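Peer 1: Okay, handing you the structure first.
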Amino acid sequence: MSTTLTPVLTKQWDDPRSWTLETYRRGGGYQALAKALGSDPAALIEEVKNSGLRGRGGAGFPTGMKWSFLPKPDGGPRYLVVNADESEPGTCKDIPLMMAAPHTLVEGVAITSYAIGCHHAFIYLRGEVVHVYRRLMNAVQEAYDAGLLGKDIQGTGFDLDITVHAGAGAYECGEETALLDSLEGRRGQPRLKPPFPAVEGLYARPTVVNNVESIASVPSIIAQGADWFSSMGTEKSKGYGIFSLSGHVTRPGQYEAPLGITLRELLDMAGGIRDGHELKFWTPGGSSTPIFTSEHLDVPLDFDSVAAAGSMLGTRALQMFDETTSVVHAVARWIDFYAHESCGKCTPCREGTYWMKQIMTRLEHGKGTAEDIDTLLDVCDNIFGRSFCALGDAATAPVTSGIEHFREEFELGTHTPWWEAFPPANSALFPVTQKEAASV
Amino acid sequence: MTENSDMAIRGPREVSSEARARTSWGGNHVQAEDRAHASNAILHPQAPLQATAEPYTAEQLTQLNADIDAIIARYPVKRSALLPMLHLIQSVDGYVTGRGVRLCAERLELTDAEVSGVATFYTQYKRHPNGDYTIGVCTNTLCAVMGGDLIFERLSEHLGIGHDETTEDGKITLERVECNAACDYAPVVMANWEFFDQQTPESTVQLADDLRAGKDVAPTRGAAKVCTFKHIERVLAGFPDGRADEGVGAGEQSLEGLRLAHQNDWRAPGDEGGPLSEEAHQNTATTDETGGPLPGHPHSSAERQED
């Protein structure tokens with residue numbers, strides 16, 4: 001095996017009290033903050049730029065460059081907002097990170113705030129994870145009590161407050177401008193760009209919005225240097241990242257590895273697809289990334305290689321489904337999700353997801369028409385690139401890629417219900433009794 | 001000003017029964033086949049917001065206003081306080097009431113319509129009285145395929161209620177929830193937004209029965225026990241309940257990669273080992289210093305069998 005795991009963010013997760021300041025400091029925590037506070041903020045931005053860190057929330061935009069887009073200070077406030085609204089189906093890396101090691105994020109917030117001249121940072125956490133909210137609030141309080149946040153941090157004259165904010169259930173708030181509207185106490189709907197948040201973000205002030213894992217990676221970069229970080233990964237996708245394996249895999253879980261590792265390598269580590277079954281399809285980075293099949297096992301999981309193969313690296317949410325799974329059912333449920341979560345602001349997404357949902361439902365029941373596949377593709381064509389934000393584009397990904405790789409299953413949907421072709425009891429991870437199977 | 005000028009003038013029961021009569025999805029009227037496959041059934045039916053007949057007592061208002069002051073103080077612009085304030089309203093009223101909307105509007109100098117518009121956007125804000133415990137079964141694709149559909153079906157049948165409905169004793173509200181960022185633990189069930197990992201139909205029915213019976217139930221990853229809906233809503237309003245140190249740091253699946261790295265002595269460049277590596281083999285999830293839950297309890301993975 002050529003690639004091995006590289007625990008950095010996950011390194012302390014197995015400590016008995018991994019979430020505490022005491023544990024974090026024992027592992028060298030907050031030394032990077034001390035180093036940063038003794039540095040020129042511009043040098044910190046340069047270091048993160050040089051590291052090659054690209055956004056870990058899915059889009060892969062260079063983090064340091066995003067920071068450098070802020071206009072010159074004008075004396076008014078500038079904000080850092082951490083996107084902790086992890087809701088992309090399949091994605092499950094930030095939530096365990098914040099539950100197990102919230103100080104990694106808090107230290108990253110402090111360093112980043114200092115680098116960009118922010119004195120009030122926000123962590124916008126989705127509201128449906130109450131224990132993670134407890135851990136974050138606790139970590140922030142511990143940091144205040146230790147003089148790592150608040151006024152005149154470590155005698156440097158730098159002031160920083162962090163507010164941990166709980167959302168209330170809306171996938172759309174993971175879109176950065178919708179998140180800002182939500183944080184301002186509004187419906188979570190996206191804003192027209194430009195102006196970008198760097199120029200007019202929170203309260204129309206210059207704002208950096210970054211994913212949890214991006215910000216949590218900053219302390220290690222500052223502590224060990226850009227060269228250290230960029231010694232991992234590929235030429236254009238530097239560093240490590242958390243790969244989340246889920247579904248019909250023997251040992252699902254979090255595997256932290258250099259970008260560019262392949263699913264074949266990760267599957268070897270995770271014990272392969274569950275015994276007696278084979279991989280049918282998978283997502284490289286959540287439901288919004290076009291599905292792959294077993295033909296794509298050797299695609300390096302970095303931004304450019306996955307894009308070249310026709311999908312997106314996204315959030316490295318590797319959801320795996322074996323041959324017992326109906327593609328039509330899987331896609332239909334994702335479309336249910338997008339239709340439910342469409343914020344309603346723009347017509348292509350609001351109406352398009354609604355139409356696709358009706359068509360997918362027909363196909364699930366084996367009542368599809370001969371025109372349904374073409375209609376689906378036509379609807380996708382009218383959503384993609386025409387909606388206000390990426391949610392609309394994302395909703396087309398499972399449909400177009402599903403039809404591309406498994407057209408025959410969509411054709412099956414014109415006469416056979418999915419549950420007859422793919423009995424759901426066969427896909428479940430627990431034994432299903434005959435009675436339960438019969439009721440389905 | 002009177003409650004009647006608010007968005008609804010009918011009592012909760014009246015609206016609720018009317019809403020059910022108007023729609024085909026209400027109650028148990030959904031066809032069994034549709035429930036099973038969630039195909040024709042509306043996955044997330046919406047109910048209207050409702051007014052409450054009773055104004056807040058002076059005592060309630062004093063406490064609410066003090067809490068609202070504390071929330072507003074967290075933000076540079078006070079409207080940002082609205083989401084936590086709506087959580088706070090639910091911590092007192094058990095759902096977003098008309099009087100709660102009015103109070104938020106008054107404190108933030110917004111109209112009732114502006115507050116209602118926000119409250120109806122987010123799924124965690126409830127439009128009718130919620131049960132003491134919300135059990136949310138993840139039926140997004142990954143969990144659904146891994147067994148979430150079967151779990152929801154069994155629990156719905158067991159409780160005699162559908163999505164966003166509450167048992168007659170007011171104990172349990174059943175929901176389909178979207179992906180809750182725990183896919184490596186599929187199928188996942190949330191109880192008042194605490195994680196119950198690797199569930200089965202049997203374990204989830206047991207969870208519901210235990211909660212209804214008033215037993216303390218420990219999540220797989222979370223506090224030492226599942227607290228009530230109102231209690232959790234107060235936490236979500238940003239008021240800590242002192243339970244942050246309870247429970248595990250990470251569950252078994254979260255540690256799979258780290259465990260493998262330890263076994264093979266795989267490290268990131270420049271990591272020479274040291275104190276952390278020595279601890280590596282002590283898997284936290286099997287020890288618990290805090291009195292928190294251990295994996296493998298009845299609601300955890302005990303009944304799961306590897307295929």
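By order of appearance in the structure tokens: chains A, B, ..., then residues from 1 within every chain, and ligands from 1 in the order shown.
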Name the residues in contact with segment 355-357 of chain A at a cut-off of 9 Å, using only C-alpha atoms, excluding same-chain residues fewer than 6 positions from it; report them as a list of chain:residue names.

Peer 2: A:Ala332, A:Arg333, A:Ile335, A:Asp336, A:Tyr338, A:Ala339, A:Thr375, A:Leu376, A:Val379, A:Cys380, A:Val399

Peer 1: Those residues with N, CA and C atoms, as a PDB file, in the first residue's frame please?

Peer 2:
ATOM      1  N   ALA A 332     -33.943   8.980  -5.815  1.00  0.00           N
ATOM      2  CA  ALA A 332     -35.241   9.568  -5.470  1.00  0.00           C
ATOM      3  C   ALA A 332     -35.208  10.160  -4.058  1.00  0.00           C
ATOM      4  N   ARG A 333     -34.565   9.474  -3.142  1.00  0.00           N
ATOM      5  CA  ARG A 333     -34.523   9.989  -1.775  1.00  0.00           C
ATOM      6  C   ARG A 333     -33.657  11.243  -1.690  1.00  0.00           C
ATOM      7  N   ILE A 335     -33.385  13.346  -4.094  1.00  0.00           N
ATOM      8  CA  ILE A 335     -34.206  14.409  -4.689  1.00  0.00           C
ATOM      9  C   ILE A 335     -35.278  14.878  -3.700  1.00  0.00           C
ATOM     10  N   ASP A 336     -35.845  13.948  -2.926  1.00  0.00           N
ATOM     11  CA  ASP A 336     -36.750  14.361  -1.847  1.00  0.00           C
ATOM     12  C   ASP A 336     -36.066  15.395  -0.956  1.00  0.00           C
ATOM     13  N   TYR A 338     -33.428  17.383  -1.655  1.00  0.00           N
ATOM     14  CA  TYR A 338     -33.199  18.691  -2.280  1.00  0.00           C
ATOM     15  C   TYR A 338     -34.502  19.474  -2.434  1.00  0.00           C
ATOM     16  N   ALA A 339     -35.589  18.771  -2.744  1.00  0.00           N
ATOM     17  CA  ALA A 339     -36.873  19.454  -2.871  1.00  0.00           C
ATOM     18  C   ALA A 339     -37.288  20.046  -1.521  1.00  0.00           C
ATOM     19  N   THR A 375     -37.279  13.729 -19.815  1.00  0.00           N
ATOM     20  CA  THR A 375     -37.804  14.887 -19.074  1.00  0.00           C
ATOM     21  C   THR A 375     -36.891  15.230 -17.903  1.00  0.00           C
ATOM     22  N   LEU A 376     -36.433  14.206 -17.185  1.00  0.00           N
ATOM     23  CA  LEU A 376     -35.517  14.454 -16.067  1.00  0.00           C
ATOM     24  C   LEU A 376     -34.274  15.196 -16.541  1.00  0.00           C
ATOM     25  N   VAL A 379     -35.110  18.750 -17.328  1.00  0.00           N
ATOM     26  CA  VAL A 379     -35.272  19.564 -16.116  1.00  0.00           C
ATOM     27  C   VAL A 379     -33.900  19.896 -15.534  1.00  0.00           C
ATOM     28  N   CYS A 380     -33.032  18.891 -15.479  1.00  0.00           N
ATOM     29  CA  CYS A 380     -31.677  19.130 -14.958  1.00  0.00           C
ATOM     30  C   CYS A 380     -30.978  20.224 -15.773  1.00  0.00           C
ATOM     31  N   VAL A 399     -29.059  12.776 -10.313  1.00  0.00           N
ATOM     32  CA  VAL A 399     -29.945  12.383 -11.413  1.00  0.00           C
ATOM     33  C   VAL A 399     -29.150  12.140 -12.693  1.00  0.00           C
TER      34      VAL A 399
END

Peer 1: Pick out the residues sitting within 12 Å of Thr369 of chain A, and hand them over as a list in words; count only C-alpha atoms, and ignore anything fewer than 4 positions along from it in its own chain.

Peer 2: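 The residues that qualify are Gln358, Ile359, Met360, Thr361, Arg362, Leu363, Glu364, His365, Ile373, Asp374, Thr375, Leu376, Phe410, Glu411, Leu412, Gly413, Thr414, His415 and Thr416 of chain A.
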
Peer 1: Applying 12 Å and only C-alpha atoms, which residues near Val106 of chain A remain after dropping the ones on its own chain fewer than 6 positions away? List them as a PyMOL selection string.

Peer 2: chain A and resi 19-21+24+29-30+32-33+80-82+97-98+112-113+121-123+135-144+148-149+160-164+212-213+215-219

Peer 1: Just the number, please: distance in Å from atom CA of Gly58 of chain A to atom CA of Glu175 of chain A, one decimal.

Peer 2: 10.7 Å

Peer 1: DSSP on the backbone: which residues in segment 121-266 of chain B end up as strand (DSSP E or B)? Give the answer as a list in words.

Peer 2: Tyr133, Thr134, Ile135, Gly136, Val137, Cys138, Glu165, Thr166, Ile172, Thr173, Leu174, Glu175, Arg176, Val177, Val189, Met190, Ala191, Glu194, Phe195, Phe196 and Arg221 of chain B

Peer 1: Would you please work out which residue, of A:Arg54, A:His405, A:His248, A:Lys367, is nearest to Thr324 of chain A when using only C-alpha atoms?

Peer 2: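 When distances to Thr324 of chain A are compared using only C-alpha atoms, the smallest one comes from A:His248.
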
Peer 1: Hey, which of A:Val48, A:Ala146, A:Leu279, A:Leu245 ends up closest to chain B? Count only C-alpha atoms.

Peer 2: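 Selected residue with least distance to chain B: A:Leu245.
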
Peer 1: Would you mind listing, as number ranges by chain, all residues of chain A that have at least one atom within 6 Å of chain B, where only C-alpha atoms are what counts?

Peer 2: A: 5-7, 14-16, 18, 89-92, 100, 128-131, 134-135, 168-170, 183-187, 246, 252-255, 330, 333, 361, 427-430, 440

Peer 1: Write the residues of the preceding selection, restricted to N, CA and C atoms, as a CSV table (one decimal), in the first residue's frame.

Peer 2:
chain,number,residue,atom,x,y,z
A,5,LEU,N,-2.1,6.5,6.5
A,5,LEU,CA,-2.9,7.5,7.1
A,5,LEU,C,-2.0,8.5,7.8
A,6,THR,N,-2.5,9.7,8.0
A,6,THR,CA,-1.7,10.8,8.6
A,6,THR,C,-2.5,11.5,9.7
A,7,PRO,N,-2.7,10.9,10.9
A,7,PRO,CA,-3.5,11.6,11.9
A,7,PRO,C,-2.9,12.9,12.3
A,14,ASP,N,-8.7,9.8,20.6
A,14,ASP,CA,-8.9,8.7,21.4
A,14,ASP,C,-8.5,8.9,22.9
A,15,ASP,N,-8.1,10.2,23.2
A,15,ASP,CA,-7.8,10.5,24.6
A,15,ASP,C,-9.1,10.4,25.4
A,16,PRO,N,-8.9,9.9,26.6
A,16,PRO,CA,-10.1,9.7,27.5
A,16,PRO,C,-11.0,11.0,27.6
A,18,SER,N,-10.7,13.9,25.5
A,18,SER,CA,-10.1,14.6,24.3
A,18,SER,C,-10.6,16.0,24.1
A,89,PRO,N,-25.5,15.5,2.7
A,89,PRO,CA,-25.7,14.1,2.9
A,89,PRO,C,-24.5,13.3,2.7
A,90,GLY,N,-24.1,12.5,3.7
A,90,GLY,CA,-22.9,11.7,3.6
A,90,GLY,C,-21.8,12.3,4.4
A,91,THR,N,-21.8,13.6,4.7
A,91,THR,CA,-20.7,14.3,5.3
A,91,THR,C,-20.8,14.2,6.8
A,92,CYS,N,-19.7,13.7,7.4
A,92,CYS,CA,-19.7,13.5,8.8
A,92,CYS,C,-18.4,13.6,9.4
A,100,ALA,N,-15.1,15.8,19.5
A,100,ALA,CA,-13.9,15.1,20.1
A,100,ALA,C,-12.8,16.2,20.5
A,128,GLU,N,-29.0,20.8,15.2
A,128,GLU,CA,-29.4,19.4,15.5
A,128,GLU,C,-28.4,18.5,16.1
A,129,VAL,N,-27.4,19.1,16.7
A,129,VAL,CA,-26.3,18.3,17.4
A,129,VAL,C,-26.0,18.9,18.7
A,130,VAL,N,-26.9,18.7,19.7
A,130,VAL,CA,-26.9,19.5,20.9
A,130,VAL,C,-25.6,19.2,21.7
A,131,HIS,N,-25.1,18.0,21.7
A,131,HIS,CA,-23.9,17.7,22.5
A,131,HIS,C,-22.7,18.4,21.9
A,134,ARG,N,-22.8,21.8,23.2
A,134,ARG,CA,-22.2,21.9,24.6
A,134,ARG,C,-20.7,21.9,24.5
A,135,ARG,N,-20.1,21.0,23.8
A,135,ARG,CA,-18.7,20.9,23.7
A,135,ARG,C,-18.0,22.2,23.2
A,168,ALA,N,-31.0,26.2,13.2
A,168,ALA,CA,-32.3,25.7,13.6
A,168,ALA,C,-32.9,24.7,12.5
A,169,GLY,N,-32.0,24.2,11.7
A,169,GLY,CA,-32.4,23.2,10.8
A,169,GLY,C,-32.7,23.7,9.4
A,170,ALA,N,-31.7,23.8,8.6
A,170,ALA,CA,-31.9,24.2,7.2
A,170,ALA,C,-30.6,23.9,6.4
A,183,LEU,N,-27.4,34.0,10.2
A,183,LEU,CA,-26.7,34.5,11.3
A,183,LEU,C,-27.2,35.9,11.7
A,184,GLU,N,-27.7,36.6,10.7
A,184,GLU,CA,-28.3,37.9,10.9
A,184,GLU,C,-29.8,37.9,11.4
A,185,GLY,N,-30.3,36.6,11.6
A,185,GLY,CA,-31.6,36.5,12.1
A,185,GLY,C,-32.7,36.5,11.0
A,186,ARG,N,-32.3,36.0,9.8
A,186,ARG,CA,-33.3,36.0,8.7
A,186,ARG,C,-33.5,34.6,8.2
A,187,ARG,N,-34.4,34.4,7.3
A,187,ARG,CA,-34.5,33.1,6.6
A,187,ARG,C,-33.2,32.8,5.9
A,246,SER,N,-18.8,5.5,4.7
A,246,SER,CA,-20.0,5.0,5.2
A,246,SER,C,-20.7,4.1,4.3
A,252,PRO,N,-16.9,1.2,8.6
A,252,PRO,CA,-17.1,2.6,8.3
A,252,PRO,C,-16.4,3.4,9.3
A,253,GLY,N,-16.1,4.7,9.0
A,253,GLY,CA,-15.5,5.5,10.0
A,253,GLY,C,-14.7,6.7,9.3
A,254,GLN,N,-13.9,7.3,10.2
A,254,GLN,CA,-13.1,8.5,9.7
A,254,GLN,C,-11.7,8.1,9.5
A,255,TYR,N,-11.2,8.4,8.4
A,255,TYR,CA,-9.8,8.0,8.0
A,255,TYR,C,-9.1,9.3,7.5
A,330,ALA,N,-32.3,5.3,-4.3
A,330,ALA,CA,-31.3,6.2,-3.7
A,330,ALA,C,-31.4,7.6,-4.3
A,333,ARG,N,-34.6,9.5,-3.1
A,333,ARG,CA,-34.5,10.0,-1.8
A,333,ARG,C,-33.7,11.2,-1.7
A,361,THR,N,-40.7,9.7,-8.1
A,361,THR,CA,-41.6,8.9,-7.4
A,361,THR,C,-42.3,8.0,-8.4
A,427,SER,N,-30.6,-4.8,1.8
A,427,SER,CA,-29.7,-3.7,2.0
A,427,SER,C,-29.4,-3.3,3.4
A,428,ALA,N,-30.3,-3.7,4.3
A,428,ALA,CA,-30.2,-3.2,5.7
A,428,ALA,C,-29.0,-3.8,6.4
A,429,LEU,N,-28.5,-3.1,7.3
A,429,LEU,CA,-27.3,-3.6,8.1
A,429,LEU,C,-27.6,-4.4,9.3
A,430,PHE,N,-28.9,-4.7,9.5
A,430,PHE,CA,-29.3,-5.6,10.5
A,430,PHE,C,-30.2,-6.7,9.9
A,440,VAL,N,-42.9,-4.7,3.9
A,440,VAL,CA,-42.3,-3.6,3.0
A,440,VAL,C,-42.8,-3.8,1.6

Peer 1: Just list as JSON, numbers by chain whatever in segment 185-250 of chain B DSSP marks as alpha helix (DSSP H).

Peer 2: {"B": [201, 202, 203, 204, 205, 206, 207, 208, 209, 210, 211, 212, 229, 230, 231, 232, 233, 234, 235, 236]}

Peer 1: What does the structure give for the distance between atom CA of Pro348 of chain A and atom CA of Gly385 of chain A, in Å to one decimal?

Peer 2: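 One can read the atom CA of Pro348 of chain A to atom CA of Gly385 of chain A distance as 9.5 Å.
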
Peer 1: What is the atom CA of Phe196 of chain A-atom CA of Leu44 of chain A distance in Å, reported with one decimal?

Peer 2: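 Going from atom CA of Phe196 of chain A over to atom CA of Leu44 of chain A, I get 22.4 Å.
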
Peer 1: Pick the closest to Ile135 of chain B from B:Arg99, B:Lys171, B:Arg107, B:Lys230: which is it, counting only C-alpha atoms?

Peer 2: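 Residue with the minimum atom-to-atom distance to Ile135 of chain B: B:Lys171.
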